[in-house]
Structure formats: C-alpha cells, structure tokens
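Pasted below: coords.cif, mmCIF, C-alpha atoms.
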data_coords
#
loop_
_atom_site.label_atom_id
_atom_site.label_comp_id
_atom_site.auth_asym_id
_atom_site.auth_seq_id
_atom_site.Cartn_x
_atom_site.Cartn_y
_atom_site.Cartn_z
CA MET A 17 -21.27 -0.71 -24.08
CA GLU A 18 -19.23 1.56 -21.83
CA PRO A 19 -20.30 5.21 -21.61
CA GLN A 20 -18.70 7.28 -24.34
CA LEU A 21 -16.90 10.52 -23.78
CA LEU A 22 -17.84 13.53 -25.86
CA LEU A 23 -14.84 13.20 -28.16
CA THR A 24 -15.43 9.47 -28.63
CA ARG A 25 -19.07 10.10 -29.56
CA LEU A 26 -18.01 12.76 -32.03
CA LEU A 27 -15.40 10.50 -33.64
CA ASN A 28 -17.83 7.59 -33.81
CA HIS A 29 -20.45 9.81 -35.37
CA TYR A 30 -18.18 10.77 -38.26
CA PHE A 31 -15.74 7.87 -38.64
CA ALA A 32 -17.67 4.75 -37.57
CA THR A 33 -18.17 3.44 -41.11
CA PRO A 34 -14.57 3.76 -42.43
CA VAL A 35 -13.14 2.39 -39.16
CA ASP A 36 -15.54 -0.55 -39.34
CA SER A 37 -14.50 -1.36 -42.88
CA LEU A 38 -10.82 -1.01 -41.94
CA LEU A 39 -11.28 -3.43 -39.03
CA ARG A 40 -13.17 -5.89 -41.26
CA ALA A 41 -10.30 -5.74 -43.77
CA LEU A 42 -8.00 -6.77 -40.91
CA HIS A 43 -10.44 -9.58 -39.95
CA VAL A 44 -11.36 -7.94 -36.67
CA THR A 45 -15.00 -7.75 -35.67
CA PRO A 46 -15.71 -4.67 -33.57
CA ALA A 47 -17.82 -5.36 -30.49
CA TYR A 48 -20.22 -2.53 -31.34
CA ALA A 49 -20.48 -1.68 -35.02
CA LYS A 50 -22.02 1.70 -34.18
CA ALA A 51 -19.07 2.60 -31.95
CA PRO A 52 -15.83 0.90 -33.02
CA ILE A 53 -13.67 3.69 -31.55
CA THR A 54 -13.18 3.23 -27.82
CA ASN A 55 -12.50 5.94 -25.27
CA ALA A 56 -8.85 4.90 -25.02
CA VAL A 57 -8.28 5.28 -28.76
CA SER A 58 -9.96 8.67 -28.92
CA MET A 59 -7.97 9.89 -25.91
CA GLU A 60 -4.78 8.63 -27.53
CA LEU A 61 -5.64 10.56 -30.66
CA LEU A 62 -6.22 13.63 -28.51
CA VAL A 63 -2.80 13.25 -26.87
CA PHE A 64 -1.23 12.67 -30.26
CA ALA A 65 -2.82 15.82 -31.66
CA ALA A 66 -1.85 17.89 -28.61
CA LEU A 67 1.78 16.77 -28.76
CA LEU A 68 1.88 17.32 -32.52
CA VAL A 69 0.61 20.90 -32.11
CA TYR A 70 3.09 21.47 -29.26
CA PHE A 71 6.08 20.27 -31.28
CA MET A 72 4.95 22.22 -34.35
CA ILE A 73 4.71 25.41 -32.28
CA VAL A 74 8.17 24.71 -30.87
CA ARG A 75 9.60 24.11 -34.32
CA LEU A 76 7.98 27.15 -35.92
CA THR A 77 8.93 29.59 -33.17
CA LEU A 78 12.47 28.32 -32.78
CA SER A 79 14.80 31.23 -32.23
CA VAL A 80 18.37 31.60 -31.00
CA GLU A 81 18.14 35.24 -29.97
CA THR A 82 14.70 35.44 -28.35
CA PRO A 83 13.59 31.99 -27.15
CA ASN A 84 9.98 32.05 -25.94
CA GLY A 85 8.37 30.07 -23.13
CA VAL A 86 7.43 27.06 -25.23
CA GLN A 87 11.01 26.72 -26.43
CA HIS A 88 12.28 26.90 -22.86
CA LEU A 89 9.92 24.10 -21.88
CA ALA A 90 11.07 21.97 -24.80
CA GLU A 91 14.70 22.61 -23.92
CA ILE A 92 14.14 21.67 -20.29
CA THR A 93 12.49 18.42 -21.40
CA ASN A 94 15.28 17.67 -23.85
CA ASN A 95 18.00 18.37 -21.30
CA PHE A 96 16.28 16.24 -18.69
CA VAL A 97 15.94 13.24 -21.00
CA LYS A 98 19.52 13.72 -22.23
CA ASP A 99 20.90 13.86 -18.70
CA GLN A 100 19.02 10.75 -17.66
CA SER A 101 19.97 8.73 -20.72
CA GLU A 102 23.60 9.82 -20.54
CA GLN A 103 23.70 8.70 -16.93
CA ILE A 104 22.22 5.30 -17.77
CA ILE A 105 23.30 4.47 -21.33
CA GLY A 106 26.58 6.36 -21.41
CA HIS A 107 28.44 6.42 -24.69
CA GLY A 108 26.21 6.79 -27.75
CA TYR A 109 23.10 7.91 -25.88
CA GLU A 110 22.23 10.71 -28.32
CA GLN A 111 20.40 8.50 -30.83
CA PHE A 112 17.86 7.39 -28.19
CA THR A 113 16.90 10.83 -26.90
CA GLY A 114 14.16 11.26 -29.49
CA TYR A 115 12.45 7.99 -28.73
CA LEU A 116 12.76 8.34 -24.97
CA ALA A 117 11.49 11.93 -24.96
CA ALA A 118 8.53 11.06 -27.17
CA LEU A 119 7.68 8.03 -25.03
CA GLY A 120 7.99 9.95 -21.77
CA LEU A 121 5.96 12.92 -22.98
CA PHE A 122 3.23 10.74 -24.48
CA ILE A 123 2.85 8.75 -21.27
CA LEU A 124 3.01 11.88 -19.12
CA VAL A 125 0.29 13.66 -21.06
CA SER A 126 -1.81 10.46 -21.21
CA ASN A 127 -1.55 10.03 -17.45
CA LEU A 128 -2.34 13.66 -16.70
CA LEU A 129 -5.35 13.63 -19.02
CA GLY A 130 -7.31 11.65 -16.44
CA LEU A 131 -7.23 14.61 -14.05
CA ILE A 132 -9.28 16.78 -16.40
CA PRO A 133 -13.05 16.36 -15.99
CA GLY A 134 -14.69 15.00 -19.12
CA LEU A 135 -11.56 13.18 -20.23
CA GLU A 136 -9.95 9.96 -19.05
CA SER A 137 -6.48 8.45 -19.00
CA PRO A 138 -5.91 6.17 -21.99
CA THR A 139 -3.25 4.45 -19.86
CA ALA A 140 -5.99 3.25 -17.49
CA ASN A 141 -6.93 0.83 -20.29
CA VAL A 142 -4.65 -2.20 -20.44
CA THR A 143 -4.14 -2.18 -24.21
CA VAL A 144 -2.44 1.22 -24.30
CA PRO A 145 0.43 0.42 -21.87
CA LEU A 146 0.76 -2.93 -23.65
CA GLY A 147 1.31 -1.00 -26.86
CA PHE A 148 4.02 1.14 -25.25
CA ALA A 149 5.69 -1.95 -23.81
CA LEU A 150 5.64 -3.82 -27.13
CA VAL A 151 7.08 -0.84 -29.01
CA THR A 152 9.84 -0.51 -26.39
CA PHE A 153 10.54 -4.25 -26.59
CA VAL A 154 10.91 -4.18 -30.38
CA TYR A 155 12.92 -0.95 -30.23
CA TYR A 156 15.57 -2.15 -27.80
CA HIS A 157 15.97 -5.49 -29.52
CA TYR A 158 16.36 -3.69 -32.84
CA HIS A 159 19.09 -1.47 -31.40
CA GLY A 160 20.72 -4.44 -29.72
CA PHE A 161 21.01 -6.16 -33.09
CA LYS A 162 22.09 -2.93 -34.74
CA SER A 163 24.93 -2.19 -32.34
CA ASN A 164 26.11 -5.74 -31.58
CA GLY A 165 25.28 -7.48 -34.85
CA LEU A 166 24.92 -11.23 -34.67
CA GLN A 167 26.94 -11.23 -31.45
CA TYR A 168 23.76 -9.99 -29.78
CA TYR A 169 22.66 -13.58 -29.22
CA LYS A 170 25.50 -13.92 -26.69
CA GLN A 171 23.47 -11.85 -24.24
CA PHE A 172 20.94 -14.65 -24.10
CA VAL A 173 23.18 -17.66 -23.59
CA GLY A 174 25.23 -16.49 -20.62
CA PRO A 175 29.00 -16.28 -20.18
CA VAL A 176 29.87 -19.98 -20.60
CA TRP A 177 28.61 -22.28 -23.34
CA TRP A 178 27.83 -25.32 -21.17
CA MET A 179 25.32 -23.32 -19.11
CA SER A 180 23.48 -21.99 -22.13
CA TRP A 181 20.80 -24.70 -22.12
CA LEU A 182 19.77 -23.42 -18.69
CA LEU A 183 20.22 -19.70 -19.24
CA LEU A 184 18.54 -19.40 -22.62
CA PRO A 185 14.99 -20.16 -21.37
CA VAL A 186 15.59 -18.02 -18.29
CA GLU A 187 16.68 -15.06 -20.39
CA LEU A 188 13.83 -15.47 -22.88
CA ILE A 189 11.27 -15.59 -20.07
CA SER A 190 12.80 -12.59 -18.34
CA HIS A 191 12.70 -10.56 -21.55
CA CYS A 192 9.03 -11.42 -22.05
CA ALA A 193 8.34 -10.66 -18.40
CA ARG A 194 9.62 -7.15 -19.05
CA ILE A 195 6.61 -6.56 -21.32
CA LEU A 196 4.30 -7.84 -18.61
CA SER A 197 5.85 -5.78 -15.83
CA LEU A 198 5.99 -2.57 -17.89
CA THR A 199 2.36 -3.01 -18.91
CA VAL A 200 1.00 -3.92 -15.50
CA ARG A 201 2.96 -1.25 -13.64
CA LEU A 202 1.62 1.61 -15.72
CA TYR A 203 -1.89 0.23 -16.18
CA ALA A 204 -2.49 -0.80 -12.57
CA ASN A 205 -1.14 2.48 -11.20
CA MET A 206 -3.42 4.58 -13.37
CA PHE A 207 -6.42 2.30 -12.90
CA ALA A 208 -5.92 2.12 -9.13
CA GLY A 209 -5.51 5.89 -8.94
CA ASP A 210 -8.81 6.48 -10.72
CA LEU A 211 -10.53 3.81 -8.64
CA LEU A 212 -9.18 5.24 -5.38
CA THR A 213 -10.51 8.69 -6.15
CA LEU A 214 -13.86 7.17 -7.11
CA VAL A 215 -14.11 5.08 -3.94
CA PHE A 216 -13.38 8.05 -1.71
CA PHE A 217 -15.77 10.17 -3.74
CA SER A 218 -18.51 7.65 -2.99
CA LEU A 219 -17.63 7.76 0.73
CA VAL A 220 -17.16 11.52 1.17
CA PRO A 221 -18.32 13.55 -1.83
CA VAL A 222 -16.70 16.81 -0.71
CA GLY A 223 -13.07 17.74 -0.21
CA ILE A 224 -11.41 14.43 0.66
CA PRO A 225 -11.20 13.06 -2.93
CA LEU A 226 -9.13 16.13 -3.79
CA ILE A 227 -6.27 14.71 -1.70
CA PHE A 228 -6.30 11.56 -3.76
CA LEU A 229 -6.41 13.55 -6.98
CA GLY A 230 -3.23 15.25 -5.75
CA LEU A 231 -1.73 11.85 -5.02
CA HIS A 232 -2.75 10.70 -8.48
CA LEU A 233 -0.96 13.70 -9.97
CA GLY A 234 2.27 12.62 -8.30
CA VAL A 235 1.80 9.00 -9.34
CA ALA A 236 1.14 10.04 -12.95
CA VAL A 237 4.40 11.98 -13.18
CA ILE A 238 6.43 9.28 -11.38
CA GLN A 239 5.07 6.49 -13.56
CA ALA A 240 5.86 8.34 -16.78
CA TYR A 241 9.38 8.89 -15.47
CA VAL A 242 9.76 5.25 -14.42
CA PHE A 243 8.57 3.96 -17.79
CA MET A 244 11.09 6.18 -19.58
CA LEU A 245 13.82 5.14 -17.13
CA LEU A 246 13.17 1.44 -17.63
CA ALA A 247 13.15 1.85 -21.40
CA ALA A 248 16.54 3.57 -21.09
CA ILE A 249 17.88 0.78 -18.87
CA TYR A 250 16.73 -1.95 -21.25
CA LEU A 251 18.31 0.00 -24.11
CA SER A 252 21.56 0.33 -22.19
CA LEU A 253 21.61 -3.42 -21.51
CA ALA A 254 20.87 -4.21 -25.15
CA VAL A 255 23.49 -1.92 -26.69
CA ALA A 256 26.21 -2.71 -24.12
CA HIS A 257 29.29 -4.15 -25.77
CA GLU A 258 31.09 -7.14 -24.38
CA HIS A 259 34.62 -6.03 -23.49
CA MET B 27 0.62 -26.15 24.95
CA GLN B 28 1.20 -27.87 28.30
CA ASP B 29 0.71 -31.53 27.57
CA PRO B 30 2.29 -33.11 30.66
CA ALA B 31 0.58 -30.59 32.95
CA GLU B 32 -2.79 -31.22 31.39
CA GLY B 33 -3.15 -34.84 32.43
CA ARG B 34 -1.93 -34.10 35.91
CA SER B 35 -4.22 -31.16 36.53
CA LEU B 36 -7.26 -33.05 35.25
CA SER B 37 -6.68 -35.82 37.73
CA VAL B 38 -6.23 -33.29 40.51
CA VAL B 39 -9.56 -31.71 39.73
CA ARG B 40 -11.20 -35.10 39.96
CA THR B 41 -9.49 -35.70 43.24
CA THR B 42 -10.84 -32.52 44.84
CA VAL B 43 -14.37 -33.15 43.65
CA ASP B 44 -14.30 -36.71 44.86
CA GLN B 45 -13.00 -35.70 48.22
CA ARG B 46 -15.76 -33.18 48.74
CA GLU B 47 -18.32 -35.87 48.12
CA GLY B 48 -16.53 -38.14 50.51
CA ALA B 49 -16.06 -41.07 48.15
CA SER B 50 -12.47 -41.05 47.09
CA LEU B 51 -11.59 -43.03 44.02
CA VAL B 52 -7.99 -41.92 44.10
CA SER B 53 -5.62 -43.44 46.57
CA LEU B 54 -4.31 -41.10 49.20
CA ASN B 55 -0.91 -42.57 48.56
CA HIS B 56 -0.95 -41.02 45.14
CA PRO B 57 1.90 -38.50 44.85
CA LEU B 58 -0.48 -35.83 43.56
CA THR B 59 -2.40 -35.72 46.83
CA ALA B 60 0.59 -34.06 48.42
CA ARG B 61 -0.02 -31.11 46.13
CA LEU B 62 -3.70 -30.63 46.90
CA MET B 63 -2.97 -27.27 48.47
CA GLY B 64 -2.04 -25.96 45.06
CA ALA B 65 -5.12 -27.49 43.44
CA TRP B 66 -6.90 -24.17 42.93
CA SER B 67 -4.16 -22.68 40.76
CA GLU B 68 -3.90 -25.92 38.83
CA MET B 69 -7.63 -25.84 38.21
CA GLN B 70 -7.21 -22.39 36.76
CA ASN B 71 -4.57 -23.87 34.50
CA THR B 72 -7.05 -26.51 33.46
CA LEU B 73 -9.68 -23.89 32.69
CA ARG B 74 -7.16 -22.01 30.57
CA THR B 75 -6.34 -25.21 28.72
CA MET B 76 -10.01 -25.92 28.16
CA LYS B 77 -10.43 -22.37 26.85
CA TYR B 78 -7.82 -23.05 24.19
CA VAL B 79 -9.48 -26.35 23.36
CA PHE B 80 -12.87 -24.72 22.90
CA MET B 81 -11.40 -21.88 20.85
CA THR B 82 -9.76 -24.40 18.56
CA LEU B 83 -13.02 -26.33 18.31
CA ALA B 84 -14.92 -23.14 17.50
CA ALA B 85 -12.41 -22.25 14.79
CA ILE B 86 -12.70 -25.73 13.29
CA LEU B 87 -16.51 -25.61 13.40
CA ILE B 88 -16.54 -22.19 11.74
CA ALA B 89 -14.12 -23.33 9.08
CA THR B 90 -16.14 -26.41 8.16
CA PRO B 91 -18.86 -24.58 6.17
CA ALA B 92 -16.07 -22.90 4.17
CA PHE B 93 -14.77 -26.29 3.03
CA ALA B 94 -18.28 -27.46 2.37
CA GLN B 95 -19.07 -24.44 0.20
CA ALA B 96 -15.84 -24.51 -1.80
CA GLY B 97 -17.26 -26.93 -4.32
CA ALA B 98 -20.59 -25.17 -4.64
CA PRO B 99 -21.04 -22.95 -7.69
CA ALA B 100 -23.08 -20.48 -5.64
CA GLU B 101 -21.84 -17.01 -4.69
CA ASN B 102 -18.84 -17.56 -2.43
CA GLN B 103 -19.12 -15.43 0.68
CA TRP B 104 -15.39 -15.67 1.50
CA VAL B 105 -14.23 -13.93 -1.68
CA PRO B 106 -14.38 -10.35 -0.28
CA LEU B 107 -12.55 -11.51 2.83
CA ALA B 108 -9.85 -13.20 0.78
CA ALA B 109 -9.54 -10.18 -1.50
CA GLY B 110 -9.24 -7.79 1.42
CA LEU B 111 -6.74 -9.98 3.26
CA GLY B 112 -4.68 -10.53 0.12
CA MET B 113 -4.55 -6.84 -0.69
CA ALA B 114 -3.75 -6.01 2.94
CA LEU B 115 -0.88 -8.50 2.98
CA ALA B 116 0.48 -7.20 -0.30
CA ALA B 117 0.15 -3.56 0.73
CA GLY B 118 1.67 -4.13 4.15
CA LEU B 119 4.68 -6.10 2.91
CA CYS B 120 5.14 -3.64 0.07
CA GLY B 121 5.10 -0.89 2.68
CA ILE B 122 7.83 -2.64 4.67
CA GLY B 123 9.94 -3.04 1.54
CA GLN B 124 9.48 0.54 0.41
CA GLY B 125 10.15 1.79 3.93
CA LYS B 126 13.45 -0.09 4.08
CA ALA B 127 14.44 1.18 0.64
CA THR B 128 13.58 4.78 1.52
CA ALA B 129 15.29 4.53 4.91
CA SER B 130 18.57 3.34 3.47
CA SER B 131 18.47 5.86 0.65
CA ALA B 132 17.87 8.66 3.15
CA GLU B 133 20.80 7.36 5.18
CA ALA B 134 22.99 7.23 2.10
CA LEU B 135 21.95 10.75 1.19
CA ALA B 136 22.83 11.97 4.69
CA ARG B 137 26.25 10.35 4.48
CA ASN B 138 27.04 11.57 1.00
CA PRO B 139 24.83 14.42 -0.24
CA GLY B 140 26.95 14.69 -3.37
CA ALA B 141 25.65 11.37 -4.68
CA ARG B 142 22.09 12.69 -4.88
CA PRO B 143 21.33 11.98 -8.59
CA GLY B 144 22.51 8.38 -8.47
CA ILE B 145 20.71 7.63 -5.22
CA PHE B 146 17.52 9.25 -6.50
CA LEU B 147 17.63 7.16 -9.67
CA PHE B 148 18.04 3.90 -7.82
CA LEU B 149 15.46 4.86 -5.19
CA ILE B 150 12.80 5.56 -7.80
CA LEU B 151 13.66 2.37 -9.67
CA GLY B 152 13.58 0.25 -6.53
CA LEU B 153 10.29 1.76 -5.38
CA ALA B 154 8.76 1.12 -8.80
CA PHE B 155 9.85 -2.51 -8.76
CA ILE B 156 8.59 -3.07 -5.20
CA GLU B 157 5.32 -1.33 -5.95
CA SER B 158 4.68 -3.42 -9.03
CA LEU B 159 4.48 -6.53 -6.81
CA ALA B 160 1.59 -5.05 -4.86
CA LEU B 161 0.02 -4.00 -8.16
CA PHE B 162 0.18 -7.59 -9.43
CA THR B 163 -1.89 -8.61 -6.41
CA PHE B 164 -4.31 -5.78 -7.03
CA LEU B 165 -4.70 -6.80 -10.66
CA ILE B 166 -5.30 -10.45 -9.79
CA ILE B 167 -8.00 -9.39 -7.33
CA ILE B 168 -9.62 -7.10 -9.91
CA ILE B 169 -9.59 -9.84 -12.53
CA LYS B 170 -10.68 -12.74 -10.32
CA VAL B 171 -13.28 -11.03 -8.12
CA LYS B 172 -16.46 -10.26 -9.93
#

I'd like the structure from this file rewritten - as structure tokens, please.
Amino acid sequence: MEPQLLLTRLLNHYFATPVDSLLRALHVTPAYAKAPITNAVSMELLVFAALLVYFMIVRLTLSVETPNGVQHLAEITNNFVKDQSEQIIGHGYEQFTGYLAALGLFILVSNLLGLIPGLESPTANVTVPLGFALVTFVYYHYHGFKSNGLQYYKQFVGPVWWMSWLLLPVELISHCARILSLTVRLYANMFAGDLLTLVFFSLVPVGIPLIFLGLHLGVAVIQAYVFMLLAAIYLSLAVAHEH
Amino acid sequence: MQDPAEGRSLSVVRTTVDQREGASLVSLNHPLTARLMGAWSEMQNTLRTMKYVFMTLAAILIATPAFAQAGAPAENQWVPLAAGLGMALAAGLCGIGQGKATASSAEALARNPGARPGIFLFLILGLAFIESLALFTFLIIIIKVK
C-alpha cells in the first residue's frame, strides 16, 4: 500500500465502510479494504472543495460598484478563457466558456497542489488525466452532434465517398489517439516533474531542487493551458460547419 | 575502408621482412618492388587497417554476451543502458524540434510583432505536441523498466 497523505488517512478513517460498500455495489473490489480512497481521489476532492468555495465566494460577493479582489481574479480568468476560445472556436464560443474555464482551473489547481508540502498532484496519477480526457472526448462529440446533427458523421468519412473506407478507420483511430495523447501529456509532465525534483533532491539535498520546483511551477501552468487549448481546438473542429 | 590498398600493403610488408632475412620469396620483377621506398608509410597504413579490424573484432566480441543473455530470464544488465540511450535520443531530438519551432517563431515575431497572440498560440501548441513525443518515450521506459 502506498503511503497515505494526512487527508487520505482522515477520509479513509471516516468513509472507508460506505465507500467499500459503494464499490462492491459497482462490482469493484478495492485493493485495500481498509483504505479504498487513494491519494489521487482525496486530492481531487480537495481541489473540488477549494474551487467550490472560491466560486461561492465570488458569487456571494458579486458587486457592480465595488468589485473586490476575488471578483477581479474571476473576471481575469473569464476574460482569458473567452479570448482564447473566441480566437479558436470563433462564432458561438460563449456556450463553451463554462466548461473550458472549469477544466482549466481544475487542472491548474491540481497541478499546483503538488508544490505544497504534504499534498501531491492528483494529475501525477494516470487515472485523473484519463478522466479529464474522457470527459473532454464525450463533451466535444456531444456538441458536434448537437450543432451538426446527423451530418456530423461526414467529418469521419472524408470529402469524397469512395475514399471513406480508408478514411473512416484513420479518423476513428485519430480520435481515440486524442484521449491517449491528452492523458499521457498531462500525466507524464506532472509525474516527470515530481520525479525530477526527487532525483535532484537525492543528489543535492540543499538549494538545487528549488530550481526544479520553479521549473515544475512553469510546467504546471503551461500544461493546464495546453489541455484547455486542445479541448477548445477539438471543440472547434467538432462544431465547425461544412460550408 | 581501403580494400585494394590492403592487399597491396600486406604483400609489401612481407617483401620487406623477407628481404631483411635475405631469402626473398617475392620476385624482384614484381611491380611492387619499385615502391619499396614508400614501404614505411604503407606499413603505417597497414597498422591503421589492422587497428580497425581489431576494434571491429572487439566490438563483436563484446556484443556476443549481449545476444547470449537476451534469452535468459535473469536480470538484464543492458536495460539501464538502453533506457538511458533511449531517453537521451528522445530528449535530444525533441530538443532539436523545439529549438527549430522556437527559432522560427522568434523570427516571425521579429518580422511582425503585431501577430504576437497567434504566434504564441501556435508556438505553445507545437511545443506541447513535440514534447509529448519525448514523454511517450519516458512513459515506455517507466513502464518497461522495473
């Protein structure tokens, strides 16, 4: 069993039994019945709670005359995501701002969590980025169907009908490869960042690992941005109309 | 390497040795005897050739245990080497790719500073795609190397 963080131990202490019975109802056998909640899940819950509190504070202190600091931060985030998605998706980008902002913020906070001692990045566990990638996959296909209707299948068979037997498998594989590449990019970056800091910590325990923590900070922000950007690009490809 | 020269220089070496011992096996009418004055430099050529031959032999002899051990279930001593070389290749080529991408985006930015947002977007995207290739290698190494 991997070492548990403080929050994980706390959650397992109080919720091990109900979570076990929930997993059994879903025909999943937890590896350790005493500790069915992993570090990644508890860290995700922490991020979820933090973002929920943040958005509730923003919503409750919303004011037109005297906007406070939290509102400014939320507006900056909103404007940034809106600018990016308008640049990429173009017409009709407004409906995706909510999803993209939530995705970007969740990944950003998850990535940055690993820099705090006593906590770890949930994105350094492969299942969490896989979850993000699957949700994005379902979301953009849903919006592709919604905006193009049944004509959406035309994106998969290419421009001419007699090439469709060749292009259909290629397109299907490339769409599934998007899940793989989104997952691996985020996971491997976070995992490698943690590992790099650890390796240099074992070589030189003082000072030098700080440089790599700084590098990891940059990588965390960039990867959250890239994930959001790629989600926006896949959305723009899915909702594009054939003219 | 120098295939035609090799045969010639070998025979010249034999000629010089034989002549010192006074029992020539090679006819003095042989065309190579006219070039005996240059025999010393040709012998150096021969030595260089032999050096390559022995280096090749050494490489082959070192490589043989690797082939012999490939089938053995025991701990494979070449795995760290392969992992390091693979990661180095991936990181180096990824560095070349990212360097080219960054160089041309910097050039584009210098030519047209007004296009900053678009260039930045494509630069970040390109870097992310290039980087993910190195990360695939990293992941394979992490998964396969125990």

Hey, list the chain A side of the contact with chain B: 7 Å cut-off, only C-alpha atoms, answer as a PyMOL selection string.
chain A and resi 201+204+242

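Applied to the shown file, the PyMOL selection byres ((chain A and resi 151-157) around 7) selects the residues Gly147, Phe148, Ala149, Leu150, Tyr158, His159, Gly160, Phe161, Ile195, Ala247, Tyr250, Leu251 and Ala254 of chain A.
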
Please measure the separation of atom CA of Gly120 of chain A and atom CA of Phe243 of chain A, giving the value in Å to one decimal.
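Pair atom CA of Gly120 of chain A / atom CA of Phe243 of chain A returns 7.2 Å.
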
Box for segment 66-71 of chain B: with edges along x, y and z, all listed atoms inside and 4 Å added on each side, what are the centre and edge lengths in Å to one decimal, as JSON?
{"center_x": -5.8, "center_y": -24.2, "center_z": 38.7, "size_x": 11.7, "size_y": 11.5, "size_z": 16.4}

Atom CA of Ile227 of chain A to atom CA of Val144 of chain A: how many Å, to one decimal?
26.6 Å

Can you give me, as a list in words, the residues this file yields under the PyMOL selection byres ((chain B and resi 172) around 12)?
Glu101, Asn102, Val105, Pro106, Ala109, Ile166, Ile167, Ile168, Ile169, Lys170 and Val171 of chain B

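The gap separating atom CA of Thr93 of chain A from atom CA of Ala240 of chain A is 12.9 Å, in Å to one decimal.
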
Excluding segment 64-75 of chain A and any residue of its chain fewer than 2 positions from it, enumerate the residues within 10 Å of it, using only C-alpha atoms, and give them as a ChimeraX atom specification.
/A:58-62,77-79,83-91,118,121-122,125-126

Could I get segment 217-232 of chain A rebuilt with N, CA and C atoms, written as an mmCIF file, in the frame of the given file?
data_model
loop_
_atom_site.group_PDB
_atom_site.id
_atom_site.type_symbol
_atom_site.label_atom_id
_atom_site.label_comp_id
_atom_site.auth_asym_id
_atom_site.auth_seq_id
_atom_site.Cartn_x
_atom_site.Cartn_y
_atom_site.Cartn_z
ATOM 1 N N PHE A 217 -14.686 9.270 -3.340
ATOM 2 C CA PHE A 217 -15.770 10.170 -3.740
ATOM 3 C C PHE A 217 -17.109 9.602 -3.317
ATOM 4 N N SER A 218 -17.243 8.263 -3.397
ATOM 5 C CA SER A 218 -18.510 7.650 -2.990
ATOM 6 C C SER A 218 -18.661 7.678 -1.466
ATOM 7 N N LEU A 219 -17.535 7.705 -0.731
ATOM 8 C CA LEU A 219 -17.630 7.760 0.730
ATOM 9 C C LEU A 219 -17.907 9.193 1.198
ATOM 10 N N VAL A 220 -17.018 10.114 0.780
ATOM 11 C CA VAL A 220 -17.160 11.520 1.170
ATOM 12 C C VAL A 220 -17.158 12.343 -0.115
ATOM 13 N N PRO A 221 -18.282 12.894 -0.512
ATOM 14 C CA PRO A 221 -18.320 13.550 -1.830
ATOM 15 C C PRO A 221 -17.653 14.921 -1.853
ATOM 16 N N VAL A 222 -17.252 15.448 -0.710
ATOM 17 C CA VAL A 222 -16.700 16.810 -0.710
ATOM 18 C C VAL A 222 -15.293 16.799 -0.134
ATOM 19 N N GLY A 223 -14.371 17.431 -0.797
ATOM 20 C CA GLY A 223 -13.070 17.740 -0.210
ATOM 21 C C GLY A 223 -12.059 16.617 -0.229
ATOM 22 N N ILE A 224 -12.398 15.496 0.460
ATOM 23 C CA ILE A 224 -11.410 14.430 0.660
ATOM 24 C C ILE A 224 -10.873 13.873 -0.667
ATOM 25 N N PRO A 225 -11.747 13.628 -1.688
ATOM 26 C CA PRO A 225 -11.200 13.060 -2.930
ATOM 27 C C PRO A 225 -10.131 13.937 -3.567
ATOM 28 N N LEU A 226 -10.128 15.212 -3.229
ATOM 29 C CA LEU A 226 -9.130 16.130 -3.790
ATOM 30 C C LEU A 226 -7.722 15.699 -3.401
ATOM 31 N N ILE A 227 -7.574 15.182 -2.154
ATOM 32 C CA ILE A 227 -6.270 14.710 -1.700
ATOM 33 C C ILE A 227 -5.770 13.605 -2.609
ATOM 34 N N PHE A 228 -6.712 12.709 -2.958
ATOM 35 C CA PHE A 228 -6.300 11.560 -3.760
ATOM 36 C C PHE A 228 -6.053 11.959 -5.206
ATOM 37 N N LEU A 229 -6.736 13.019 -5.652
ATOM 38 C CA LEU A 229 -6.410 13.550 -6.980
ATOM 39 C C LEU A 229 -4.981 14.084 -6.981
ATOM 40 N N GLY A 230 -4.606 14.755 -5.868
ATOM 41 C CA GLY A 230 -3.230 15.250 -5.750
ATOM 42 C C GLY A 230 -2.232 14.113 -5.770
ATOM 43 N N LEU A 231 -2.573 13.034 -5.030
ATOM 44 C CA LEU A 231 -1.730 11.850 -5.020
ATOM 45 C C LEU A 231 -1.601 11.261 -6.419
ATOM 46 N N HIS A 232 -2.730 11.242 -7.133
ATOM 47 C CA HIS A 232 -2.750 10.700 -8.480
ATOM 48 C C HIS A 232 -1.857 11.520 -9.412
#
